[in-house]
Each structure stands twice: as C-alpha cells, then as structure tokens.
Amino acid sequence: MKYSPRKLTLILFLVVSVSAFCQEANPLVVKNFNAQKKWVDSIYNQMSLAEKVGQLFMVDAYSSWSTAELNKIKKQIKENHIGGIIFSKGGPYRQAKINNEFQELAKVPLLVGMDAEWGLAMRLDSTYAFPWNMTLGAIKDNWLIERTGKQIAKHCKRLGVHFNFAPVVDINTNPKNPIIGNRSFGEDKENVTQKALAFMKGLQSEGVLANAKHFPGHGDTDSDSHKTLPTVDFEAARIDSVELYPYKKLIKEGLSSVMVAHLNIPSLESRSGYPSSISKNIVTTILKDSLNFNGLIFTDALNMKGASNFKEPGDIDLAAFLAGNDVLLISENVPLAAQKIMEAYESGKITEQRLSHSVKKILYAKYKVGLHQYKPVDLAYLHQDLNSIQDDVLHEELVEHSLTLIKNDRAILPVKNLDLKKIAYVSLGDDDGQPFFDQLNLYAQVDWIKGDKLSDILEQLKQYNYVIIGYHKSNKSPWAAYEFKDKELVWLYEIARLNPTILSVFSRPYAMLDLKSTTNFEGILMAYQNSEVAQQKAAQLLFGAIEAKGELPVSLGEEYPVGSGYETRSLKRLSYGLPEQVGINSYKLQQVDSIVNVALAEDMTPGVQLLIARKGKVIYHKNYGYHTYKKQRKVKLTDIYDLASLTKILATLPLLMELRDQGLVSLDSKIGDMLPDFKGSNKENINIKDMLSHYARLKAWIPFYLHTLDSVTTAPSPKYYRKKKSEEFNIEVTDQLYLRSDMRDSLMLQIKESELRDRLSYRYSDLPYYLLKAYIEKHYENNLDNLTQQHFYNPLGASNMGFLPLKKFDKDRIVPTEDDQIFRKQVVHGYVHDQGAAMFGGIGGHAGLFANANDVAKIMQMYLNKGYYGGKKYLSGNTLDEFNTCYYCDDDVRRGIGFDKPQLGDVGPTCGCISMTSFGHSGFTGTFTWADPEEQLIYVFLSNRTYPDAANRKLISNDIRSEIQRVIYKAIIR
C-alpha cells in the first residue's frame, strides 16, 4: 500500500491524537504537533537503514536474568539498535535499575512495554495484583474499571513502562479456552467492549499506551497459541459481528495499539494453517483499511509456537512486517530478521514509504510518552509507590462490586436471625480458606467441620441447621485448575441434601458447569478468586454487612445465563475495610501504634486489643502485646477481656432501654416502685434519671468484701466462704472460693440501708446498677446473663460476649486481670475482677461482662444505627436519644442516662475533641469504648492494666486512651 506524503503525515498525527483524547488533561495529546513532527523527522533523518529497521523490534528481557543474559540485550541495543523492550519476570527495583542501564545505552530512547493485564504483578514480584478481568467483568459500574486502568497506568509509568499490553478484548465464548478464560471480561460482547473501553481510557488518561489483544479474537479457541496454532472456525460475518465488535468501538475512541494473534482463521485467510499475524488480509485489509486503525500494530510474540512453527526465524519477522505489522515482538533472532528486512528493502520489496510509515509511528509513540525528554526511573520509594493504600482501597471496592449472588432461594441471604442459627463451615478445593472462616467468625460462631470421610462430615453436621461451603482453588494465576473433583461433587450433593446450604465459589465461574444440579443449594455466591480480600468480602456479604451487586459475565448453563445476579440490601452489620474508604488517613492513624507501643514499653499494661470503626466499617482492628508481662501468650482478636464498667452500657442499659420502649419504665420511675423492698428507705423516691446521671446522693460504692475477711489473717473468713461448693455455700467467687448463699440478700440490705451523701452534687456510683439488675431479673424471672444473651448478644452475633466466661470460652482465650492478694488471694483469671460483682456470682449490673473488641463494637454500632442491627430493630431511636441526653449539664454533671458524655471542662474521659452528642464509658480494668453519631465513629480499647497490680495507674495518668482518640480525630480527612 502506498501513501502520499500528506496522507502519511495525517496518519502519523492520528496515531494516538484522536477525537476522544483531544482533551486538555490527557497527557497523550500533544499540544504542539509541529514540535512533535520536527522531533520525529529529525530522529528519522539521522538514522541509518539498520537503525531504522532496529526500531521495529521489541525484545524481551527478564530482570531476574543473569548478567550474561542481560549483556546480550545490551548488545542488541548497541549493535541492532532495537526500538523497545518488553519486560517480563523479575522484581521492580531490579527492573528499574536495568531499565535505566538499557536506556542509557540507547541512541534513541527505548519504548518499554509489559504485560500488566491485572497489574505489574502479572510479571513482577513485590508489585500489586488487581482482580482478573473475569472478576472485573462482573462489575456493573464501569467507572471502577476505568479507575483500575488509571491505577495500573500509574504503576507502569512509575516503573518507566510506556506500553501496557492490555486490555484483553477477547470474548470468551468457549468455557474450555485454555489461555484466555479469566483474562477475558466475559462472553457478552457489549459488556466486554464497555469494560475494555473503560480500562483503555484509564490507562491512556495517565499517559500509558493501551493495547487491545488478541486480534481478531482468541476467545473461542480450545488450544493455546503459545503451544500450537489454534483454529477459529467461524464465518467472516460472525467474526465481524462478535469478535471484531470491541475493536470497532475502541478504535473510534482512540485506541493506541493492537496486538495481532497467531490464529488459523480459514474464513479470513485462504491459505491453510496460515497464522493471522502474518496475513495481509487480516492485518492490513481488515484492521487497517476496513476498521480504519491508524495506531501501532504489534505481532504477538514471534517465539510462540503458533508462529514459530510456521516459518523459520527471520522469515516470520519479514512476513509479519509485509503483512502490515509495525512492531515485531520477541523475535527469535533479531540480527537475522533485521538482515532479511534490510535485504527486502534494498531489493525494493519493502519501500521507503512502508518502512518510514512504521518507524515514524513508533517514534511518534515515543514522543507521546515523553521519551523526547527522557528521564531515568527514580529508585527512591519505588516499592511504596507501587504498593499504596490507594491500591488496596480500589482493590476492595472492585471485589465488593464483583461478588455475584446467582441463587438465593427464599431470600436465605443475607443471614438473619443469628440466635436461631447454628452454623457450620466446610472447606472444599485445594487452597486455603482460613481468611473466609476467620471473617465468618467476626459475625457469628461458625464451626469448621473437618473429616477424611463423608460419613464423618455428615455425622458432625447433624447438630447444625445452616452450612456454608467454601470452594477454594489456587489464586496464583488465572490459568490455575478450577474444576471440582468427582469426590467433591459427591460431598456437595450429600451435604446439600441434608442441610440448608450456601455454596461460595472462590474459583473461575466455569467450575459450576461441573454440577449436574444445584436444586438443593439454597444460596450460591460467586466470588471468582480465592484472594484474601475476596474471602473476607464474601463473608461480609453473606452476613449482610455489604450488598450483593455483581452479575455473571459468562453463562453457566441454562439455569444461570450471562447477566444473572441477585441484589441484596445491607443489614447494617459492621463491615471491614480500610481507613481511606471512610475518610480517614491511614498514615496519620499509624500514630496509634506508636502510642500503644509506648504504653507497652512503659509497663502500663501487658497488652491491648483495639478497634476503630467509622460509617459502619471497621478500619482498625489490632492486637498488641501479651496476656501478661511473662510474654507467653500474644493477644489475639478472639481473646476475651473483663470489660468492668462497660457492663453498664452493654448489658444493663440495653435491657433497661428495652423496658422503656415497652412502656414498663420511664426516666421518672422510682426505686420504691421498681423494688417494693426499698419502700420506706431513703432511696424510695430516687428516680432512674437522677441515679443514672449520678446525681442522686448515692455512695460511690460499698466495699462488701472487706466485711467478709478474717480480721487477723485478712483471708476470706470461713464464716462466709468455703473452698468447695455446697447448698449452703453456692455463690462461686472463684473455683476455690464459694460464698454463703444468703449473702445476696445481705448485700442488698447494705445498699438499702446505706446513707445518702449530705450534699447534692455529681458523684459517680455503682449502686444504681445493683438496683437495676435486681429489678430486671425480678421482672423477667431470669438472670442478667441469660437475658442479655437472649435479648441482645445471640441475635447480634456477639458470640464472644457474656458473663461467666469460663462456662463459655477456653481459659487460654481469657486475659487475666489481677494477682489479687487482698481478697481472693490468687490470680483473677476468668472471673470478674470487681469484688462486688464477684460476690453476686460473677453477674453484676455494673461489672462481670467479658468480650472482645469486635463484639463491643457491634452493640455500639447498634446504638449508632438508632437501635437497628443485622436486620432487627432492638431499640427505638427516641429511647436512645432520651438516654443519650445530659439533663444536668447546667449543674456541671456531664453524664447522660447511663452513658458517659464528654467533659464539660478541661478534664474528663475523652480527648475533648469530639461532639457533645457522643457517648461511651470506661472501665476500671483499662477498658474504654466511645461512639460519636456526628462522625459515625466507634472506638474500643481493651486492656488489663490492672495485671498484676490494680494500683498500676500509669495507663490512666498518661491519658493513653484519650491520646489515641485524639489521633483518630486528627486522622479524619476534612
């Protein structure tokens, strides 16, 4: 084909500068075309024939190669004048260093390309991997795909890469395709096109050239062109309407380049077994003339068997160039190929116009990406720049939007009514399912059922009424095996036949084609990949913390056509993610670690469990230190702390507010009416509002235990205690200390007869909670432990919260609180620290509750949700507002009704930097939780600062909990 000089200039101008990219912000749009043309012409006119031909070659290089192997590339740069490098396996720092060395040697800067379809991690270690295209194909919001292209482009640009050989636009209509599969956006041509277009725009908006592949379409093949020459046996009309559909759209929108595949396509190339990559009809007549493509045309790698089996090295390169390709990718023999092209030029087989057409297109592309002002790659902070928090934020968002619920019989998902569920998890496949299991257990108690025999599994499952099966396959590459084994299929059918079953597939969706029937599965969730993020987000979706939004990018038989997918609504359970997702700067938040580490180093506490949530999302969930200073057991997320006074707002208060909703009490209800035994006492007319505002002249506390110690030995007196349980001594203080059974009445009598303080003023008191506990238990004829479990903890999924922890949890999960040598004469481990609550058998209205930070956060989030959580309304918003009100602020009393509130002056429980609508409480053992409705923030700090000695007040005197709170608020992005 011949071009006039005027037409050639026009074509070169249109290489990348097309209508869709004629925007000021696009770095690929050259503002001064004359300067660009002048640079291109100047470079071209100075080149020898060998240098011009050398520009046509892009050779492969591995940063993991030896010095000797890399020296061969350097030799080609110097002697063969190659125009570009396609980097493959290795590491980013090594590649950047080698890239700088290569560029230093090049007379004309090298055009650098990479296969980074899902990020640099496709080829490099220590770099970022975004989800595969099949996963992205399930996302409805194409702006997310564009953002993915932008982010990958930023990584490429940072590493000195100018060309990303992406997006793959193959329409994967063959489930058995061995080489495309997960690399495709799916089987629907419109969805593939829109996803590819968004990805392309993202790449090119950041100045990285995109490449659509594999032309004219590799989606419906059953063999791998790396190993052989696949056949695409469709009529030309079908190829035009399906396979070429994405190319038509992308070309109109400014596609930079196309890669031509090695395929046998009889309907487009009459010569039998003739590769598409060297077919003039396919490359020139169809791609260039019919589709009007003026961008760069790359061959697929010429060392692939689909090409190299057809012609000898050198001959295949010449044939590819004659067919109309511009860049010869990974030639098997560059010197020989260059020689044959020069001979063809000198013989007139290749004209000057033809050679300059391709070489100048390459030079124009180099100008576009800034190589006319080449700068070496900066090695400083390279790893950090290629693995940023922005990458993590986008990755999580992509996965959340991709998860696809393809079956949901009777709306079984998200999981509701946790108090009625006994949930088992069964893992199938050959990859890890631990992140999925761990995340499931953040929502409810889920037991992992294991066994070598199906009969063993089925026997264990008899005690469960809800089964979650995770099918986990390798996430190492998109080509990893994904099929169910015959044994696994049998297990699936049998488990689903006996139990309500949810199947979560962490694998290529085509795995579902192995199932003959899905009738007995109530729910099926397609998670696409077995990454840690996919497992975590899948668990969150199952429990309604996030919504199901995705739709199938491929069809899975008649039952699940392409586009299938149920949407679900959030149940407002806590989700888990990253600070930036909710407007918090994660780098500023790292100061929290520094503060906690100082507290540990200064022996303020042996360990800490800490949680921060905002807008319903837990964004900081960490453990620090050990159970004790002996440093024998590290703190874990599942460990249980004595919450001390947090019991007041997490146990007694919600039950009281529930009664308020029922109209059984009000803030004006009086002790004498609630507890008839108190009629005639000095407390008869004290109401709920006053006593829970700590403005009722009640004593702070009564040291009941002191009167039960021997006056000589100071040990627990035999008059009140025994070492073994009996009918007369049945109140368990510890496993070796049982209090006389009639002491409860005696203790309540002491409260009744206690004097009131002379002056009405604020005084914090535990006594109201003894009284409220007595009233609540009398009303329900049940104890506080059972009531809190039934009314709140079980339905909330707070399976790590409760009184009497030794009856519910393994002792090694419970953090000890004190080596008590005053009262119990032993280490308090698994028993309530508070002496008064201990004398009530470990169940107190003011103390006795144990939990981990995660379960504390569930109740605090329920409060922020105005009483709603997990699909259930526990309390009314009006009642919560009523209790979260400071009624005596004018009298310098900061307290709400049960809730602590921010200080009115300079000294108080908080950092002083939070809203007055916020609320929470602190606990004697070193615990603290706070919620702020205005910022939608929850903060939970659990510690055992009282171990081994409760006199250790360094955590309090150094204001550690408030300092952390201050950091949290400073980290909010305003």
# chains A, B, ... in the order shown; residues from 1 in each chain; ligands from 1
>>> residues_around(residues="Val112 in chain A", least_positions_apart="5", cutoff="8 Å", atoms="only C-alpha atoms", output="ChimeraX atom specification")
/A:84-87,160-163
>>> write_last_selection(atoms="C-alpha atoms", output="short mmCIF file (atom, residue, chain, number, x, y, z; two decimals), in the first residue's frame")
data_model
loop_
_atom_site.label_atom_id
_atom_site.label_comp_id
_atom_site.auth_asym_id
_atom_site.auth_seq_id
_atom_site.Cartn_x
_atom_site.Cartn_y
_atom_site.Cartn_z
CA GLY A 84 11.93 -1.39 22.50
CA ILE A 85 11.96 -3.79 25.43
CA ILE A 86 9.12 -5.89 26.77
CA PHE A 87 9.99 -6.72 30.36
CA GLY A 160 9.28 3.52 33.28
CA VAL A 161 6.82 1.40 31.30
CA HIS A 162 5.13 3.15 28.37
CA PHE A 163 3.01 0.37 26.90
#
>>> select_by_dssp(residues="range 214-292 of chain A", states="strand (DSSP E or B)", output="mmCIF file with N, CA and C atoms, in the first residue's frame")
data_model
loop_
_atom_site.group_PDB
_atom_site.id
_atom_site.type_symbol
_atom_site.label_atom_id
_atom_site.label_comp_id
_atom_site.auth_asym_id
_atom_site.auth_seq_id
_atom_site.Cartn_x
_atom_site.Cartn_y
_atom_site.Cartn_z
ATOM 1 N N HIS A 214 -6.578 -10.204 21.635
ATOM 2 C CA HIS A 214 -5.644 -10.666 20.616
ATOM 3 C C HIS A 214 -6.402 -10.685 19.299
ATOM 4 N N PHE A 215 -6.095 -9.751 18.405
ATOM 5 C CA PHE A 215 -6.820 -9.545 17.161
ATOM 6 C C PHE A 215 -6.661 -10.741 16.227
ATOM 7 N N THR A 231 -7.338 -22.832 15.882
ATOM 8 C CA THR A 231 -8.232 -22.535 14.762
ATOM 9 C C THR A 231 -9.497 -21.842 15.266
ATOM 10 N N SER A 257 -2.982 0.976 20.271
ATOM 11 C CA SER A 257 -2.326 -0.121 19.553
ATOM 12 C C SER A 257 -3.156 -1.384 19.616
ATOM 13 N N VAL A 258 -2.809 -2.305 18.743
ATOM 14 C CA VAL A 258 -3.467 -3.606 18.672
ATOM 15 C C VAL A 258 -2.393 -4.674 18.573
ATOM 16 N N MET A 259 -2.636 -5.801 19.218
ATOM 17 C CA MET A 259 -1.749 -6.952 19.071
ATOM 18 C C MET A 259 -2.470 -8.013 18.242
ATOM 19 N N VAL A 260 -1.800 -8.499 17.212
ATOM 20 C CA VAL A 260 -2.390 -9.494 16.321
ATOM 21 C C VAL A 260 -1.991 -10.886 16.796
ATOM 22 N N ASN A 264 -5.344 -19.572 13.221
ATOM 23 C CA ASN A 264 -5.732 -20.077 11.915
ATOM 24 C C ASN A 264 -7.209 -19.752 11.725
ATOM 25 N N PRO A 275 -0.904 -18.314 9.804
ATOM 26 C CA PRO A 275 -1.190 -17.522 11.015
ATOM 27 C C PRO A 275 -1.735 -16.134 10.693
#
>>> closest_residue(among="A:Asn80, A:Ser347, A:Thr173, A:Asn782", to="Val53 in chain A", atoms="only C-alpha atoms")
A:Asn80
>>> closest_atom_pairs(of="range 137-200 of chain A", to="range 113-117 of chain A", cutoff="8 Å", atoms="only C-alpha atoms", output="JSON lines")
{"residue": "A:Ile152", "atom": "CA", "partner": "A:Ala116", "partner_atom": "CA", "distance": 7.7}
{"residue": "A:Val161", "atom": "CA", "partner": "A:Gly113", "partner_atom": "CA", "distance": 5.5}
{"residue": "A:His162", "atom": "CA", "partner": "A:Gly113", "partner_atom": "CA", "distance": 5.8}
{"residue": "A:Phe163", "atom": "CA", "partner": "A:Gly113", "partner_atom": "CA", "distance": 4.3}
{"residue": "A:Asn164", "atom": "CA", "partner": "A:Met114", "partner_atom": "CA", "distance": 5.3}
{"residue": "A:Phe165", "atom": "CA", "partner": "A:Asp115", "partner_atom": "CA", "distance": 5.0}
{"residue": "A:Ala166", "atom": "CA", "partner": "A:Glu117", "partner_atom": "CA", "distance": 5.2}
{"residue": "A:Pro167", "atom": "CA", "partner": "A:Glu117", "partner_atom": "CA", "distance": 6.3}
{"residue": "A:Val168", "atom": "CA", "partner": "A:Glu117", "partner_atom": "CA", "distance": 7.4}
{"residue": "A:Arg183", "atom": "CA", "partner": "A:Glu117", "partner_atom": "CA", "distance": 7.7}
>>> residues_around(residues="range 365-382 of chain A", least_positions_apart="4", cutoff="7 Å", atoms="only C-alpha atoms", output="ChimeraX atom specification")
/A:28,30,36,93,96,100,109,111,159-160,162,207-208,361,386
>>> closest_residue(among="A:Ile297, A:Leu767, A:Val40, A:Leu398", to="Gly137 in chain A", atoms="only C-alpha atoms")
A:Leu398
>>> residues_around(residues="range 324-335 of chain A", least_positions_apart="3", cutoff="7 Å", atoms="only C-alpha atoms", output="list in words")
Leu56, Phe57, Met58, Val59, Asp60, Asn80, Lys280, Val283, Thr284, Leu296, Ile297, Phe298, Thr299, Asp300, Ala301, Leu302, Asn303, Pro313, Gly314, Asp317, Ala320, Phe321, Ala338, Gln339 and Ser358 of chain A
>>> closest_residue(among="A:Ala319, A:Leu525, A:Leu875, A:Ala337", to="Leu653 in chain A", atoms="only C-alpha atoms")
A:Leu875
>>> residues_around(residues="range 616-624 of chain A", least_positions_apart="2", cutoff="6 Å", atoms="only C-alpha atoms", output="PyMOL selection string")
chain A and resi 574-579+607-614+635-636
>>> atom_distance(atom1="CA of Gln789 in chain A", atom2="CA of Lys462 in chain A")
23.9 Å
>>> select_by_dssp(residues="range 790-838 of chain A", states="helix (DSSP H, G or I)", output="list of chain:residue names")
A:Gln790, A:His791, A:Phe792, A:Tyr793, A:Asn794, A:Pro795, A:Leu796, A:Pro805, A:Leu806, A:Lys807, A:Lys811, A:Asp812, A:Arg813, A:Gln835, A:Gly836, A:Ala837, A:Ala838
>>> atom_distance(atom1="CA of Phe792 in chain A", atom2="CA of Leu806 in chain A")
20.1 Å
>>> residues_around(residues="Lys176 in chain A", least_positions_apart="3", cutoff="10 Å", atoms="only C-alpha atoms", output="ChimeraX atom specification")
/A:172-173,179-181,219-223,510
>>> residues_around(residues="Lys37 in chain A", least_positions_apart="4", cutoff="8 Å", atoms="only C-alpha atoms", output="VMD selection string")
chain A and resid 33 41 364
>>> decode(residues="range 266-328 of chain A", atoms="C-alpha atoms", output="PDB file, in the first residue's frame")
ATOM      1  CA  PRO A 266      -9.994 -20.072   7.335  1.00  0.00           C
ATOM      2  CA  SER A 267     -12.809 -17.594   6.681  1.00  0.00           C
ATOM      3  CA  LEU A 268     -10.364 -14.650   6.738  1.00  0.00           C
ATOM      4  CA  GLU A 269      -7.217 -16.242   5.314  1.00  0.00           C
ATOM      5  CA  SER A 270      -7.500 -18.694   2.411  1.00  0.00           C
ATOM      6  CA  ARG A 271      -4.069 -20.233   2.897  1.00  0.00           C
ATOM      7  CA  SER A 272      -4.443 -23.314   5.090  1.00  0.00           C
ATOM      8  CA  GLY A 273      -2.840 -23.049   8.523  1.00  0.00           C
ATOM      9  CA  TYR A 274      -1.532 -19.571   7.785  1.00  0.00           C
ATOM     10  CA  PRO A 275      -1.190 -17.522  11.015  1.00  0.00           C
ATOM     11  CA  SER A 276      -3.307 -14.395  11.295  1.00  0.00           C
ATOM     12  CA  SER A 277      -0.245 -12.462  12.485  1.00  0.00           C
ATOM     13  CA  ILE A 278       1.335 -12.696   9.034  1.00  0.00           C
ATOM     14  CA  SER A 279      -1.873 -12.466   6.992  1.00  0.00           C
ATOM     15  CA  LYS A 280      -2.020  -9.260   4.961  1.00  0.00           C
ATOM     16  CA  ASN A 281      -5.745  -9.644   4.595  1.00  0.00           C
ATOM     17  CA  ILE A 282      -6.224  -9.727   8.359  1.00  0.00           C
ATOM     18  CA  VAL A 283      -3.611  -7.138   9.359  1.00  0.00           C
ATOM     19  CA  THR A 284      -3.893  -4.648   6.517  1.00  0.00           C
ATOM     20  CA  THR A 285      -7.178  -5.198   4.700  1.00  0.00           C
ATOM     21  CA  ILE A 286      -9.316  -5.759   7.778  1.00  0.00           C
ATOM     22  CA  LEU A 287      -7.556  -3.988  10.655  1.00  0.00           C
ATOM     23  CA  LYS A 288      -6.034  -1.021   8.851  1.00  0.00           C
ATOM     24  CA  ASP A 289      -8.332  -0.467   5.889  1.00  0.00           C
ATOM     25  CA  SER A 290     -11.718  -1.775   6.958  1.00  0.00           C
ATOM     26  CA  LEU A 291     -11.532  -0.766  10.618  1.00  0.00           C
ATOM     27  CA  ASN A 292      -9.527   2.395   9.849  1.00  0.00           C
ATOM     28  CA  PHE A 293      -6.988   1.682  12.550  1.00  0.00           C
ATOM     29  CA  ASN A 294      -4.019   4.048  12.439  1.00  0.00           C
ATOM     30  CA  GLY A 295      -2.330   3.133  15.697  1.00  0.00           C
ATOM     31  CA  LEU A 296       0.625   0.844  16.273  1.00  0.00           C
ATOM     32  CA  ILE A 297       0.203  -2.796  15.310  1.00  0.00           C
ATOM     33  CA  PHE A 298       2.147  -5.383  17.292  1.00  0.00           C
ATOM     34  CA  THR A 299       2.552  -9.014  16.486  1.00  0.00           C
ATOM     35  CA  ASP A 300       2.013 -11.393  19.346  1.00  0.00           C
ATOM     36  CA  ALA A 301       5.301 -12.879  20.486  1.00  0.00           C
ATOM     37  CA  LEU A 302       7.050 -14.374  17.468  1.00  0.00           C
ATOM     38  CA  ASN A 303       8.657 -17.092  19.564  1.00  0.00           C
ATOM     39  CA  MET A 304       5.242 -18.609  20.309  1.00  0.00           C
ATOM     40  CA  LYS A 305       4.657 -21.953  18.635  1.00  0.00           C
ATOM     41  CA  GLY A 306       1.618 -20.604  16.844  1.00  0.00           C
ATOM     42  CA  ALA A 307       4.019 -18.511  14.766  1.00  0.00           C
ATOM     43  CA  SER A 308       7.451 -20.077  15.098  1.00  0.00           C
ATOM     44  CA  ASN A 309       6.239 -23.491  13.944  1.00  0.00           C
ATOM     45  CA  PHE A 310       5.178 -21.982  10.634  1.00  0.00           C
ATOM     46  CA  LYS A 311       8.323 -20.271   9.390  1.00  0.00           C
ATOM     47  CA  GLU A 312      11.988 -20.103  10.250  1.00  0.00           C
ATOM     48  CA  PRO A 313      13.345 -17.298  12.439  1.00  0.00           C
ATOM     49  CA  GLY A 314      13.789 -14.208  10.334  1.00  0.00           C
ATOM     50  CA  ASP A 315      11.291 -15.325   7.741  1.00  0.00           C
ATOM     51  CA  ILE A 316       8.376 -14.998  10.171  1.00  0.00           C
ATOM     52  CA  ASP A 317       9.520 -11.458  11.056  1.00  0.00           C
ATOM     53  CA  LEU A 318       9.703 -10.417   7.433  1.00  0.00           C
ATOM     54  CA  ALA A 319       6.316 -11.950   6.700  1.00  0.00           C
ATOM     55  CA  ALA A 320       4.800 -10.142   9.695  1.00  0.00           C
ATOM     56  CA  PHE A 321       6.171  -6.804   8.536  1.00  0.00           C
ATOM     57  CA  LEU A 322       4.986  -7.343   4.987  1.00  0.00           C
ATOM     58  CA  ALA A 323       1.542  -8.189   6.337  1.00  0.00           C
ATOM     59  CA  GLY A 324       1.308  -4.710   7.856  1.00  0.00           C
ATOM     60  CA  ASN A 325       2.576  -5.065  11.444  1.00  0.00           C
ATOM     61  CA  ASP A 326       4.654  -2.212  12.846  1.00  0.00           C
ATOM     62  CA  VAL A 327       6.356  -3.808  15.857  1.00  0.00           C
ATOM     63  CA  LEU A 328       7.844  -7.301  15.799  1.00  0.00           C
TER      64      LEU A 328
END
